[in-house]
Structures are given as structure tokens and as C-alpha cells.
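The structure file data-v1.pdb is reproduced below (PDB, C-alpha atoms, pLDDT in the B column).
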```
ATOM      1  CA  MET A   1     -21.303   7.996  -6.929  1.00 67.00           C
ATOM      2  CA  ASN A   2     -20.622   4.421  -8.009  1.00 84.00           C
ATOM      3  CA  LYS A   3     -19.210   1.824  -5.624  1.00 86.00           C
ATOM      4  CA  SER A   4     -15.700   1.940  -7.068  1.00 83.00           C
ATOM      5  CA  LYS A   5     -15.357   5.702  -6.619  1.00 89.00           C
ATOM      6  CA  ARG A   6     -16.864   5.484  -3.139  1.00 94.00           C
ATOM      7  CA  ASN A   7     -14.291   2.879  -2.151  1.00 96.00           C
ATOM      8  CA  LEU A   8     -11.482   5.017  -3.495  1.00 96.00           C
ATOM      9  CA  LEU A   9     -12.764   7.997  -1.510  1.00 96.00           C
ATOM     10  CA  ILE A  10     -12.787   5.892   1.644  1.00 97.00           C
ATOM     11  CA  VAL A  11      -9.130   5.018   1.088  1.00 97.00           C
ATOM     12  CA  LEU A  12      -7.979   8.537   0.160  1.00 97.00           C
ATOM     13  CA  VAL A  13      -9.985  10.425   2.790  1.00 97.00           C
ATOM     14  CA  GLY A  14     -11.432   8.019   5.339  1.00 97.00           C
ATOM     15  CA  PHE A  15      -8.258   6.098   6.131  1.00 97.00           C
ATOM     16  CA  PRO A  16      -6.044   9.188   6.657  1.00 96.00           C
ATOM     17  CA  LEU A  17      -8.743  10.740   8.853  1.00 96.00           C
ATOM     18  CA  ILE A  18      -8.788   7.694  11.131  1.00 96.00           C
ATOM     19  CA  TYR A  19      -4.993   7.756  11.477  1.00 96.00           C
ATOM     20  CA  PHE A  20      -5.061  11.493  12.139  1.00 94.00           C
ATOM     21  CA  VAL A  21      -7.591  11.041  14.946  1.00 95.00           C
ATOM     22  CA  TYR A  22      -5.468   8.199  16.352  1.00 95.00           C
ATOM     23  CA  SER A  23      -2.465  10.552  16.462  1.00 93.00           C
ATOM     24  CA  LEU A  24      -4.476  12.820  18.791  1.00 93.00           C
ATOM     25  CA  THR A  25      -5.167  10.138  21.387  1.00 93.00           C
ATOM     26  CA  PRO A  26      -3.797  10.602  24.942  1.00 93.00           C
ATOM     27  CA  TRP A  27      -1.298   7.739  24.548  1.00 91.00           C
ATOM     28  CA  ALA A  28       0.081   9.260  21.350  1.00 91.00           C
ATOM     29  CA  ASN A  29       0.456  12.608  23.115  1.00 89.00           C
ATOM     30  CA  LYS A  30       2.185  11.015  26.097  1.00 91.00           C
ATOM     31  CA  LEU A  31       4.577   9.131  23.815  1.00 90.00           C
ATOM     32  CA  PHE A  32       5.581  11.860  21.373  1.00 85.00           C
ATOM     33  CA  VAL A  33       4.966  15.079  23.321  1.00 83.00           C
ATOM     34  CA  LYS A  34       5.630  14.088  26.925  1.00 85.00           C
ATOM     35  CA  GLY A  35       8.255  11.489  26.055  1.00 84.00           C
ATOM     36  CA  ASN A  36       6.792   8.494  27.865  1.00 90.00           C
ATOM     37  CA  SER A  37       8.582   5.732  25.948  1.00 89.00           C
ATOM     38  CA  ASP A  38       6.664   3.063  27.895  1.00 91.00           C
ATOM     39  CA  LEU A  39       3.856   3.713  25.427  1.00 94.00           C
ATOM     40  CA  PHE A  40       5.976   2.837  22.382  1.00 95.00           C
ATOM     41  CA  ILE A  41       4.625  -0.715  22.040  1.00 96.00           C
ATOM     42  CA  PRO A  42       0.974   0.150  22.847  1.00 95.00           C
ATOM     43  CA  PHE A  43       0.965   3.033  20.336  1.00 95.00           C
ATOM     44  CA  TRP A  44       2.562   1.082  17.507  1.00 96.00           C
ATOM     45  CA  SER A  45       0.336  -1.902  18.251  1.00 97.00           C
ATOM     46  CA  GLY A  46      -2.593   0.343  17.360  1.00 97.00           C
ATOM     47  CA  ILE A  47      -0.904   1.396  14.133  1.00 97.00           C
ATOM     48  CA  ILE A  48      -0.272  -2.240  13.208  1.00 98.00           C
ATOM     49  CA  VAL A  49      -3.949  -3.057  13.759  1.00 98.00           C
ATOM     50  CA  LEU A  50      -5.037  -0.083  11.644  1.00 98.00           C
ATOM     51  CA  HIS A  51      -2.634  -1.081   8.860  1.00 98.00           C
ATOM     52  CA  TRP A  52      -3.893  -4.635   8.607  1.00 98.00           C
ATOM     53  CA  ILE A  53      -7.532  -3.558   8.846  1.00 98.00           C
ATOM     54  CA  SER A  54      -6.836  -1.191   5.942  1.00 98.00           C
ATOM     55  CA  VAL A  55      -5.438  -4.064   3.880  1.00 98.00           C
ATOM     56  CA  LEU A  56      -8.441  -6.272   4.694  1.00 98.00           C
ATOM     57  CA  ILE A  57     -10.797  -3.488   3.638  1.00 98.00           C
ATOM     58  CA  VAL A  58      -8.899  -3.000   0.381  1.00 98.00           C
ATOM     59  CA  ARG A  59      -9.062  -6.757  -0.193  1.00 97.00           C
ATOM     60  CA  ALA A  60     -12.835  -6.597   0.304  1.00 97.00           C
ATOM     61  CA  PHE A  61     -13.092  -3.685  -2.150  1.00 97.00           C
ATOM     62  CA  LEU A  62     -11.147  -5.673  -4.741  1.00 97.00           C
ATOM     63  CA  LYS A  63     -13.373  -8.716  -4.254  1.00 96.00           C
ATOM     64  CA  GLN A  64     -16.417  -6.547  -4.965  1.00 93.00           C
ATOM     65  CA  GLU A  65     -14.922  -5.971  -8.411  1.00 92.00           C
ATOM     66  CA  ASN A  66     -13.813  -9.587  -8.850  1.00 94.00           C
ATOM     67  CA  LYS A  67     -10.182  -8.536  -8.549  1.00 95.00           C
ATOM     68  CA  SER A  68      -7.277  -9.461  -6.309  1.00 96.00           C
ATOM     69  CA  PHE A  69      -3.965  -8.088  -5.084  1.00 97.00           C
ATOM     70  CA  ARG A  70      -2.433  -9.302  -8.344  1.00 97.00           C
ATOM     71  CA  ASP A  71      -4.505  -6.668 -10.184  1.00 97.00           C
ATOM     72  CA  ILE A  72      -2.887  -3.876  -8.154  1.00 97.00           C
ATOM     73  CA  GLY A  73       0.685  -5.064  -8.554  1.00 97.00           C
ATOM     74  CA  TYR A  74       1.230  -7.706  -5.880  1.00 98.00           C
ATOM     75  CA  GLY A  75       1.913 -10.879  -7.834  1.00 94.00           C
ATOM     76  CA  LEU A  76       3.410 -13.234  -5.242  1.00 96.00           C
ATOM     77  CA  ASN A  77       1.508 -16.437  -4.559  1.00 96.00           C
ATOM     78  CA  LYS A  78       1.211 -17.886  -1.044  1.00 95.00           C
ATOM     79  CA  LYS A  79       4.457 -19.864  -1.263  1.00 97.00           C
ATOM     80  CA  LYS A  80       6.470 -16.894  -2.514  1.00 97.00           C
ATOM     81  CA  THR A  81       4.855 -14.651   0.091  1.00 97.00           C
ATOM     82  CA  VAL A  82       6.029 -17.036   2.821  1.00 98.00           C
ATOM     83  CA  ILE A  83       9.548 -16.931   1.349  1.00 98.00           C
ATOM     84  CA  PHE A  84       9.353 -13.128   1.246  1.00 98.00           C
ATOM     85  CA  VAL A  85       8.322 -12.956   4.917  1.00 98.00           C
ATOM     86  CA  LEU A  86      10.979 -15.443   6.025  1.00 98.00           C
ATOM     87  CA  SER A  87      13.661 -13.583   4.063  1.00 98.00           C
ATOM     88  CA  TYR A  88      12.643 -10.362   5.764  1.00 98.00           C
ATOM     89  CA  LEU A  89      12.746 -11.988   9.198  1.00 98.00           C
ATOM     90  CA  ALA A  90      16.255 -13.303   8.514  1.00 98.00           C
ATOM     91  CA  ILE A  91      17.509  -9.832   7.549  1.00 97.00           C
ATOM     92  CA  ALA A  92      15.652  -8.129  10.414  1.00 98.00           C
ATOM     93  CA  LEU A  93      17.084 -10.550  12.950  1.00 98.00           C
ATOM     94  CA  LEU A  94      20.579  -9.946  11.591  1.00 97.00           C
ATOM     95  CA  VAL A  95      20.121  -6.187  12.008  1.00 97.00           C
ATOM     96  CA  PHE A  96      18.668  -6.733  15.477  1.00 97.00           C
ATOM     97  CA  GLY A  97      21.522  -9.058  16.448  1.00 97.00           C
ATOM     98  CA  PHE A  98      24.161  -6.638  15.143  1.00 97.00           C
ATOM     99  CA  THR A  99      22.553  -3.762  17.035  1.00 96.00           C
ATOM    100  CA  GLU A 100      22.326  -5.672  20.315  1.00 96.00           C
ATOM    101  CA  TRP A 101      25.878  -6.991  19.968  1.00 96.00           C
ATOM    102  CA  SER A 102      27.267  -3.532  19.196  1.00 95.00           C
ATOM    103  CA  LEU A 103      25.522  -1.961  22.182  1.00 94.00           C
ATOM    104  CA  LYS A 104      27.559  -4.206  24.494  1.00 92.00           C
ATOM    105  CA  TYR A 105      30.717  -2.320  23.537  1.00 91.00           C
ATOM    106  CA  VAL A 106      29.528   1.288  23.721  1.00 90.00           C
ATOM    107  CA  SER A 107      28.126   3.615  26.353  1.00 92.00           C
ATOM    108  CA  ILE A 108      24.776   5.299  25.890  1.00 90.00           C
ATOM    109  CA  ASP A 109      24.397   8.930  26.917  1.00 88.00           C
ATOM    110  CA  GLU A 110      21.082   9.110  28.768  1.00 87.00           C
ATOM    111  CA  ASN A 111      20.588  12.763  27.814  1.00 88.00           C
ATOM    112  CA  LYS A 112      21.078  11.968  24.130  1.00 89.00           C
ATOM    113  CA  LEU A 113      18.790   8.967  24.496  1.00 87.00           C
ATOM    114  CA  ALA A 114      16.066  11.127  26.034  1.00 83.00           C
ATOM    115  CA  GLY A 115      16.412  13.552  23.146  1.00 85.00           C
ATOM    116  CA  LEU A 116      15.986  10.804  20.560  1.00 87.00           C
ATOM    117  CA  SER A 117      12.530  10.792  18.977  1.00 86.00           C
ATOM    118  CA  ASN A 118      10.156   8.194  20.363  1.00 86.00           C
ATOM    119  CA  PHE A 119       9.411   7.188  16.779  1.00 89.00           C
ATOM    120  CA  PHE A 120      12.576   5.087  17.172  1.00 93.00           C
ATOM    121  CA  PRO A 121      12.939   1.962  19.349  1.00 95.00           C
ATOM    122  CA  LYS A 122      15.170   2.598  22.356  1.00 93.00           C
ATOM    123  CA  THR A 123      15.092  -0.699  24.240  1.00 94.00           C
ATOM    124  CA  THR A 124      15.636  -4.333  23.328  1.00 96.00           C
ATOM    125  CA  ASN A 125      11.937  -5.129  23.703  1.00 97.00           C
ATOM    126  CA  GLN A 126      11.019  -2.177  21.515  1.00 96.00           C
ATOM    127  CA  ARG A 127      13.476  -3.290  18.843  1.00 97.00           C
ATOM    128  CA  ILE A 128      12.029  -6.818  18.854  1.00 97.00           C
ATOM    129  CA  PHE A 129       8.544  -5.387  18.439  1.00 97.00           C
ATOM    130  CA  PHE A 130       9.843  -3.005  15.779  1.00 97.00           C
ATOM    131  CA  ILE A 131      10.558  -5.984  13.515  1.00 97.00           C
ATOM    132  CA  LEU A 132       6.802  -6.545  13.177  1.00 97.00           C
ATOM    133  CA  THR A 133       6.105  -2.828  12.838  1.00 97.00           C
ATOM    134  CA  VAL A 134       8.533  -2.433   9.943  1.00 97.00           C
ATOM    135  CA  PHE A 135       7.117  -5.311   7.911  1.00 98.00           C
ATOM    136  CA  THR A 136       3.566  -4.133   8.536  1.00 98.00           C
ATOM    137  CA  ALA A 137       4.356  -0.612   7.322  1.00 97.00           C
ATOM    138  CA  GLY A 138       6.265  -1.726   4.233  1.00 97.00           C
ATOM    139  CA  PHE A 139       3.694  -4.288   3.155  1.00 98.00           C
ATOM    140  CA  CYS A 140       0.420  -2.608   4.081  1.00 98.00           C
ATOM    141  CA  GLU A 141       1.212   0.955   3.049  1.00 98.00           C
ATOM    142  CA  GLU A 142       2.390  -0.157  -0.368  1.00 98.00           C
ATOM    143  CA  ILE A 143      -0.726  -2.283  -0.906  1.00 98.00           C
ATOM    144  CA  VAL A 144      -3.081   0.537   0.114  1.00 98.00           C
ATOM    145  CA  TYR A 145      -1.477   3.793  -1.053  1.00 98.00           C
ATOM    146  CA  ARG A 146       0.535   2.690  -4.057  1.00 97.00           C
ATOM    147  CA  GLY A 147      -1.135  -0.476  -5.322  1.00 97.00           C
ATOM    148  CA  TYR A 148      -4.785   0.284  -4.658  1.00 98.00           C
ATOM    149  CA  ALA A 149      -4.986   4.088  -4.567  1.00 98.00           C
ATOM    150  CA  ILE A 150      -2.861   4.786  -7.635  1.00 98.00           C
ATOM    151  CA  THR A 151      -4.373   1.933  -9.653  1.00 97.00           C
ATOM    152  CA  LYS A 152      -7.922   3.062  -8.898  1.00 97.00           C
ATOM    153  CA  LEU A 153      -7.126   6.692  -9.715  1.00 97.00           C
ATOM    154  CA  ILE A 154      -5.768   5.558 -13.077  1.00 96.00           C
ATOM    155  CA  ASP A 155      -8.915   3.475 -13.581  1.00 94.00           C
ATOM    156  CA  ILE A 156     -11.063   6.608 -13.288  1.00 93.00           C
ATOM    157  CA  LYS A 157      -8.947   8.285 -15.977  1.00 94.00           C
ATOM    158  CA  VAL A 158      -6.573  10.288 -13.780  1.00 95.00           C
ATOM    159  CA  ASN A 159      -3.200  10.665 -15.503  1.00 97.00           C
ATOM    160  CA  LYS A 160      -0.904   7.990 -14.067  1.00 96.00           C
ATOM    161  CA  TRP A 161       1.744  10.510 -13.020  1.00 97.00           C
ATOM    162  CA  LEU A 162      -0.793  12.896 -11.497  1.00 97.00           C
ATOM    163  CA  ALA A 163      -2.361   9.964  -9.621  1.00 97.00           C
ATOM    164  CA  ILE A 164       0.801   9.848  -7.500  1.00 98.00           C
ATOM    165  CA  ILE A 165      -0.106  13.200  -5.886  1.00 97.00           C
ATOM    166  CA  PRO A 166      -3.475  12.453  -4.175  1.00 97.00           C
ATOM    167  CA  ALA A 167      -2.249   8.983  -3.227  1.00 98.00           C
ATOM    168  CA  GLY A 168       0.893  10.580  -1.790  1.00 97.00           C
ATOM    169  CA  ILE A 169      -1.066  13.150   0.202  1.00 96.00           C
ATOM    170  CA  ALA A 170      -3.263  10.404   1.668  1.00 97.00           C
ATOM    171  CA  PHE A 171      -0.157   8.416   2.624  1.00 97.00           C
ATOM    172  CA  THR A 172       1.419  11.499   4.191  1.00 96.00           C
ATOM    173  CA  LEU A 173      -1.628  12.291   6.297  1.00 94.00           C
ATOM    174  CA  THR A 174      -1.719   8.776   7.731  1.00 94.00           C
ATOM    175  CA  HIS A 175       1.369   9.831   9.688  1.00 91.00           C
ATOM    176  CA  GLY A 176      -0.863  11.973  11.849  1.00 87.00           C
ATOM    177  CA  ILE A 177      -0.656  15.436  13.285  1.00 83.00           C
ATOM    178  CA  VAL A 178       3.138  15.638  12.923  1.00 80.00           C
ATOM    179  CA  ALA A 179       2.705  15.578   9.138  1.00 80.00           C
ATOM    180  CA  VAL A 180       0.406  18.604   9.351  1.00 74.00           C
ATOM    181  CA  THR A 181       2.077  20.746  12.007  1.00 75.00           C
ATOM    182  CA  ALA A 182       5.680  20.279  10.877  1.00 70.00           C
ATOM    183  CA  TYR A 183       6.357  21.298   7.280  1.00 76.00           C
ATOM    184  CA  SER A 184       9.643  19.398   7.181  1.00 80.00           C
ATOM    185  CA  GLN A 185       7.851  16.192   8.161  1.00 85.00           C
ATOM    186  CA  PHE A 186       5.078  16.757   5.635  1.00 89.00           C
ATOM    187  CA  PHE A 187       7.549  17.202   2.783  1.00 91.00           C
ATOM    188  CA  PHE A 188       9.649  14.260   3.962  1.00 91.00           C
ATOM    189  CA  TYR A 189       6.710  11.851   3.882  1.00 93.00           C
ATOM    190  CA  PHE A 190       5.302  13.356   0.697  1.00 95.00           C
ATOM    191  CA  ALA A 191       8.670  13.130  -1.080  1.00 96.00           C
ATOM    192  CA  PHE A 192       8.905   9.520   0.100  1.00 95.00           C
ATOM    193  CA  ALA A 193       5.435   8.868  -1.342  1.00 96.00           C
ATOM    194  CA  VAL A 194       6.271  10.490  -4.669  1.00 97.00           C
ATOM    195  CA  VAL A 195       9.444   8.443  -5.090  1.00 97.00           C
ATOM    196  CA  PHE A 196       7.602   5.219  -4.350  1.00 97.00           C
ATOM    197  CA  GLY A 197       4.715   6.293  -6.541  1.00 98.00           C
ATOM    198  CA  VAL A 198       7.075   6.819  -9.470  1.00 98.00           C
ATOM    199  CA  ILE A 199       8.655   3.398  -8.894  1.00 97.00           C
ATOM    200  CA  PHE A 200       5.237   1.761  -8.859  1.00 98.00           C
ATOM    201  CA  VAL A 201       3.861   3.574 -11.909  1.00 97.00           C
ATOM    202  CA  SER A 202       7.038   2.791 -13.838  1.00 96.00           C
ATOM    203  CA  GLY A 203       7.005  -0.936 -13.142  1.00 93.00           C
ATOM    204  CA  LYS A 204       3.437  -1.730 -12.006  1.00 92.00           C
ATOM    205  CA  ARG A 205       4.937  -4.065  -9.406  1.00 96.00           C
ATOM    206  CA  LEU A 206       4.698  -3.602  -5.636  1.00 98.00           C
ATOM    207  CA  LEU A 207       7.493  -5.959  -4.579  1.00 97.00           C
ATOM    208  CA  PRO A 208      10.371  -3.508  -5.327  1.00 97.00           C
ATOM    209  CA  ASN A 209       8.518  -0.828  -3.340  1.00 97.00           C
ATOM    210  CA  MET A 210       7.961  -3.165  -0.428  1.00 98.00           C
ATOM    211  CA  ILE A 211      11.589  -4.272  -0.293  1.00 98.00           C
ATOM    212  CA  ILE A 212      12.996  -0.744  -0.402  1.00 97.00           C
ATOM    213  CA  HIS A 213      10.358   0.562   2.022  1.00 97.00           C
ATOM    214  CA  ILE A 214      11.024  -2.218   4.520  1.00 98.00           C
ATOM    215  CA  LEU A 215      14.813  -1.891   4.354  1.00 96.00           C
ATOM    216  CA  PHE A 216      14.599   1.889   4.736  1.00 95.00           C
ATOM    217  CA  ASP A 217      12.379   1.631   7.820  1.00 95.00           C
ATOM    218  CA  LEU A 218      14.507  -1.161   9.269  1.00 96.00           C
ATOM    219  CA  THR A 219      17.503   1.175   9.521  1.00 94.00           C
ATOM    220  CA  ALA A 220      15.590   3.061  12.234  1.00 93.00           C
ATOM    221  CA  MET A 221      16.362   0.129  14.527  1.00 92.00           C
ATOM    222  CA  MET A 222      19.935   1.438  14.663  1.00 92.00           C
ATOM    223  CA  ALA A 223      18.875   4.991  15.581  1.00 91.00           C
ATOM    224  CA  ILE A 224      19.984   4.122  19.116  1.00 91.00           C
ATOM    225  CA  PHE A 225      23.577   4.649  17.931  1.00 92.00           C
ATOM    226  CA  GLN A 226      22.844   8.382  17.805  1.00 91.00           C
ATOM    227  CA  ALA A 227      22.834   8.297  21.602  1.00 88.00           C
ATOM    228  CA  ILE A 228      26.338   6.914  21.991  1.00 89.00           C
ATOM    229  CA  SER A 229      28.345   8.978  24.475  1.00 83.00           C
ATOM    230  CA  GLY A 230      31.609  10.640  23.569  1.00 68.00           C
TER     231      GLY A 230
END
```
For the file at hand, write its structure as C-alpha cells.
Amino acid sequence: MNKSKRNLLIVLVGFPLIYFVYSLTPWANKLFVKGNSDLFIPFWSGIIVLHWISVLIVRAFLKQENKSFRDIGYGLNKKKTVIFVLSYLAIALLVFGFTEWSLKYVSIDENKLAGLSNFFPKTTNQRIFFILTVFTAGFCEEIVYRGYAITKLIDIKVNKWLAIIPAGIAFTLTHGIVAVTAYSQFFFYFAFAVVFGVIFVSGKRLLPNMIIHILFDLTAMMAIFQAISG
């Protein structure tokens, strides 16, 4: 097996396996099964670290082939990347501010709040931290599972539309045991991956994917409104 195919295998199999194992850790179990929301920030901190390590590894793989992020669809230079990040922060802070302001005028039903999935931020501190989580997911997952995985599959002569499937499965499995044990969750994440795969293959640009991905995830900050009483 040549180095390029080995690297692709690491991304499609190795990365999802690491995330799957992480989803089995005691703190993940306490957060999502036992409902200990105090572990929200520690758990997602681990995910953030894994995401950025994945991107650094992909960057290293690209360097081995004398390529860069531009070759997998991310064409922003450093200045435009800074503008992209600052624009995101402005929007995220507006959503955060609107959410916090709105919560001053409503009552939260504690029973409904307890029943809300711990995937969603429930406290002010969690929502602040969620701003970083959202950007990390939207940027890193698109780099790894759309930009790199699909591009490399096409490079080894996989049909560009069929390449969406293995890349989508890898993306789905990074969401851990919930994506395996709950069919609805598996198909949700896989459908999400297919849609974003089609967008990427059609335009060969990651920025539209990142923007849509980030904005979609950012709406989860307002999931707290599901717990309004009355």
C-alpha cells in the first residue's frame, strides 16, 4: 500500500475509530446516559482537541505530497481566514446575545430542561463554550471528511459521486456510539454528510460547506427555548 492510500485509510477508518472509543469513555457516559451536564465542557473540550489534531494530521499528509489545503478546496489565505473567523464570531455573539436576552423574559421548565439532550448547551457558560465548539466542527469536519477524504478518493479513481458514501460513513461514525445504536441518528448524520458531499463535489470549494455547517450547528445554541414553560 502506497503512502497516499495509507493516509486515506487512516482518515476513513482510524479517525472514526478514535472518536468511537472516545464516545465510550466514562465522562461521555455520565454526560449522555446519566445526564450529568457538568461534563458538557470537559467532553466537548476533548472533541475540539480531536478535531484540531485531525486537521493537523491531514495538513501533514498533504505536505507529504507537496500539497496544501488549497488543493482540497480551502482557498482562503491567512487574511481572509481571519476575516472569516471574525465574521463568525460576530454572528455567534449576536445569537448568544439574543438567546441570553430572551431568556430574561421567559420561564424555564426544569423538567423540560432535564429532558433536553445534553448535546445542547443549557447554561450561559456552556453556550459561551459552544461558540468555539461550533466553529471547530464546521471548519475541521469539512476539511477532513469533505475536502481531504472525498478528494483523495477521487484521486484513486473512485467515482466522484460514489466517493461521497465512504467519506459520509466515516463522518457519521465520528459521532460515536449514538450513530451506531440509534438508526435515526445514523441516517441523520449520514444524510447530512451526503448533502454536504454533493455541495462539495459540485463546486470543489469548502467555504460554502463551512458556512452552512457552522450556521446549522449554531442554531443548537437556541435549543434551550424548547424548555420554556407553558
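A straight line drawn from atom CA of A:Gly176 to atom CA of A:Ser23 is 5.1 Å long.
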With only C-alpha atoms counted, which protein, DNA or RNA residues have an atom no more than 10 Å from (4.4, 1.6, -8.9) in the file frame? Please answer as an mmCIF file with C-alpha atoms, in the frame of the given file.
```cif
data_model
loop_
_atom_site.group_PDB
_atom_site.id
_atom_site.type_symbol
_atom_site.label_atom_id
_atom_site.label_comp_id
_atom_site.auth_asym_id
_atom_site.auth_seq_id
_atom_site.Cartn_x
_atom_site.Cartn_y
_atom_site.Cartn_z
ATOM 1 C CA ILE A 72 -2.887 -3.876 -8.154
ATOM 2 C CA GLY A 73 0.685 -5.064 -8.554
ATOM 3 C CA GLU A 142 2.390 -0.157 -0.368
ATOM 4 C CA ARG A 146 0.535 2.690 -4.057
ATOM 5 C CA GLY A 147 -1.135 -0.476 -5.322
ATOM 6 C CA ILE A 150 -2.861 4.786 -7.635
ATOM 7 C CA THR A 151 -4.373 1.933 -9.653
ATOM 8 C CA LYS A 160 -0.904 7.990 -14.067
ATOM 9 C CA ILE A 164 0.801 9.848 -7.500
ATOM 10 C CA VAL A 195 9.444 8.443 -5.090
ATOM 11 C CA PHE A 196 7.602 5.219 -4.350
ATOM 12 C CA GLY A 197 4.715 6.293 -6.541
ATOM 13 C CA VAL A 198 7.075 6.819 -9.470
ATOM 14 C CA ILE A 199 8.655 3.398 -8.894
ATOM 15 C CA PHE A 200 5.237 1.761 -8.859
ATOM 16 C CA VAL A 201 3.861 3.574 -11.909
ATOM 17 C CA SER A 202 7.038 2.791 -13.838
ATOM 18 C CA GLY A 203 7.005 -0.936 -13.142
ATOM 19 C CA LYS A 204 3.437 -1.730 -12.006
ATOM 20 C CA ARG A 205 4.937 -4.065 -9.406
ATOM 21 C CA LEU A 206 4.698 -3.602 -5.636
ATOM 22 C CA LEU A 207 7.493 -5.959 -4.579
ATOM 23 C CA PRO A 208 10.371 -3.508 -5.327
ATOM 24 C CA ASN A 209 8.518 -0.828 -3.340
#
```
*Could you write out as a VMD selection string the residues that the PyMOL selection byres ((chain A and resi 12-21) around 10) matches in the shown file?*
chain A and resid 6 to 11 22 to 25 46 to 47 50 to 51 54 144 to 145 149 166 to 180
Set up a box along x, y and z of the file covering all listed atoms of stretch 178-184 of chain A, add 3 Å on every one of the six sides, and write the centre and edge lengths in Å to one decimal, as lines of an AutoDock Vina configuration file.
```
center_x = 5.0
center_y = 18.4
center_z = 10.1
size_x = 15.2
size_y = 11.7
size_z = 11.7
```
_Contacts of A:Phe216 within 12 Å, only C-alpha atoms, excl. fewer than 2 positions in-chain, as a ChimeraX atom specification_ = /A:92,134-135,137-138,192,196,209-214,218-222
_As an exercise, work out the distance from atom CA of A:Ser45 to atom CA of A:Val194 in Å and give it to one decimal place._
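A separation of 26.7 Å between them.
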*Any idea what the distance is between atom CA of A:Leu93 and atom CA of A:Cys140?*
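That distance, rounded to one decimal, is 20.5 Å.
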*Just the residues within 10 Å of A:Ala114, please, counting only C-alpha atoms, with nothing from its chain fewer than 6 positions along; format it as a list in words.*
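Those residues are Gly35, Asn36, Ser37, Lys122 and Ala227 of chain A.
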Could you tell me, as a PDB file with C-alpha atoms, keeping the file's coordinate frame, which residues have any atom at most 8 Å from (-0.8, -6.4, 4.6), counting all atoms listed in the file?
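Once everything was written out, this is point_37.pdb:
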```pdb
ATOM      1  CA  HIS A  51      -2.634  -1.081   8.860  1.00 98.00           C
ATOM      2  CA  TRP A  52      -3.893  -4.635   8.607  1.00 98.00           C
ATOM      3  CA  VAL A  55      -5.438  -4.064   3.880  1.00 98.00           C
ATOM      4  CA  LEU A  56      -8.441  -6.272   4.694  1.00 98.00           C
ATOM      5  CA  THR A 136       3.566  -4.133   8.536  1.00 98.00           C
ATOM      6  CA  PHE A 139       3.694  -4.288   3.155  1.00 98.00           C
ATOM      7  CA  CYS A 140       0.420  -2.608   4.081  1.00 98.00           C
ATOM      8  CA  GLU A 141       1.212   0.955   3.049  1.00 98.00           C
ATOM      9  CA  ILE A 143      -0.726  -2.283  -0.906  1.00 98.00           C
TER      10      ILE A 143
END
```
Which residues come within 9 Å of stretch 60-64 of chain A, counting only C-alpha atoms, excluding same-chain residues fewer than 2 positions away, as a compact mmCIF listing (two decimals) with C-alpha atoms, in the coordinates of the input?
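That gives us out24.txt:
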```txt
# COMPACT_ATOMS: atom_id res chain seq x y z
CA LYS A 3 -19.21 1.82 -5.62
CA SER A 4 -15.70 1.94 -7.07
CA ASN A 7 -14.29 2.88 -2.15
CA LEU A 8 -11.48 5.02 -3.50
CA VAL A 55 -5.44 -4.06 3.88
CA LEU A 56 -8.44 -6.27 4.69
CA ILE A 57 -10.80 -3.49 3.64
CA VAL A 58 -8.90 -3.00 0.38
CA ASN A 66 -13.81 -9.59 -8.85
CA LYS A 67 -10.18 -8.54 -8.55
CA SER A 68 -7.28 -9.46 -6.31
CA PHE A 69 -3.96 -8.09 -5.08
CA ASP A 71 -4.50 -6.67 -10.18
CA TYR A 148 -4.78 0.28 -4.66
```
*asked:* Expand the PyMOL selection byres ((chain A and resi 95-101) around 12) into the explicit residue set it covers here, and present it as an NGL selection string.
replied: :A and (88-94 or 102-106 or 121-131 or 215 or 217-225)
*asked:* I'd like to know which of A:Thr81, A:Lys152, A:Thr181, A:Ala193 is closest to A:Ile165, using all atoms listed in the file.
replied: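 Going through A:Thr81, A:Lys152, A:Thr181, A:Ala193 one by one, the smallest distance to A:Ile165 is for A:Ala193.
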Please fill the gaps in stretch 59-71 of chain A so it has N, CA and C atoms, and write that as a PDB file, keeping the file's coordinate frame.
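So the final result, stored in part-v1.pdb, reads:
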```pdb
ATOM      1  N   ARG A  59      -8.805  -5.425   0.367  1.00 97.00           N
ATOM      2  CA  ARG A  59      -9.062  -6.757  -0.193  1.00 97.00           C
ATOM      3  C   ARG A  59     -10.554  -6.961  -0.451  1.00 97.00           C
ATOM      4  N   ALA A  60     -11.383  -6.487   0.473  1.00 97.00           N
ATOM      5  CA  ALA A  60     -12.835  -6.597   0.304  1.00 97.00           C
ATOM      6  C   ALA A  60     -13.316  -5.759  -0.878  1.00 97.00           C
ATOM      7  N   PHE A  61     -12.736  -4.549  -1.016  1.00 97.00           N
ATOM      8  CA  PHE A  61     -13.092  -3.685  -2.150  1.00 97.00           C
ATOM      9  C   PHE A  61     -12.742  -4.363  -3.472  1.00 97.00           C
ATOM     10  N   LEU A  62     -11.575  -4.988  -3.524  1.00 97.00           N
ATOM     11  CA  LEU A  62     -11.147  -5.673  -4.741  1.00 97.00           C
ATOM     12  C   LEU A  62     -12.072  -6.850  -5.058  1.00 97.00           C
ATOM     13  N   LYS A  63     -12.474  -7.581  -4.042  1.00 96.00           N
ATOM     14  CA  LYS A  63     -13.373  -8.716  -4.254  1.00 96.00           C
ATOM     15  C   LYS A  63     -14.714  -8.274  -4.836  1.00 96.00           C
ATOM     16  N   GLN A  64     -15.163  -7.079  -4.420  1.00 93.00           N
ATOM     17  CA  GLN A  64     -16.417  -6.547  -4.965  1.00 93.00           C
ATOM     18  C   GLN A  64     -16.338  -6.378  -6.470  1.00 93.00           C
ATOM     19  N   GLU A  65     -15.133  -6.177  -6.979  1.00 92.00           N
ATOM     20  CA  GLU A  65     -14.922  -5.971  -8.411  1.00 92.00           C
ATOM     21  C   GLU A  65     -14.327  -7.212  -9.077  1.00 92.00           C
ATOM     22  N   ASN A  66     -14.382  -8.330  -8.344  1.00 94.00           N
ATOM     23  CA  ASN A  66     -13.813  -9.587  -8.850  1.00 94.00           C
ATOM     24  C   ASN A  66     -12.335  -9.442  -9.208  1.00 94.00           C
ATOM     25  N   LYS A  67     -11.620  -8.734  -8.357  1.00 95.00           N
ATOM     26  CA  LYS A  67     -10.182  -8.536  -8.549  1.00 95.00           C
ATOM     27  C   LYS A  67      -9.432  -9.010  -7.318  1.00 95.00           C
ATOM     28  N   SER A  68      -8.114  -9.014  -7.425  1.00 96.00           N
ATOM     29  CA  SER A  68      -7.277  -9.461  -6.309  1.00 96.00           C
ATOM     30  C   SER A  68      -6.054  -8.559  -6.195  1.00 96.00           C
ATOM     31  N   PHE A  69      -5.195  -8.868  -5.242  1.00 97.00           N
ATOM     32  CA  PHE A  69      -3.965  -8.088  -5.084  1.00 97.00           C
ATOM     33  C   PHE A  69      -3.108  -8.122  -6.353  1.00 97.00           C
ATOM     34  N   ARG A  70      -3.211  -9.200  -7.103  1.00 97.00           N
ATOM     35  CA  ARG A  70      -2.433  -9.302  -8.344  1.00 97.00           C
ATOM     36  C   ARG A  70      -2.791  -8.168  -9.305  1.00 97.00           C
ATOM     37  N   ASP A  71      -4.050  -7.733  -9.277  1.00 97.00           N
ATOM     38  CA  ASP A  71      -4.505  -6.668 -10.184  1.00 97.00           C
ATOM     39  C   ASP A  71      -3.994  -5.285  -9.777  1.00 97.00           C
TER      40      ASP A  71
END
```
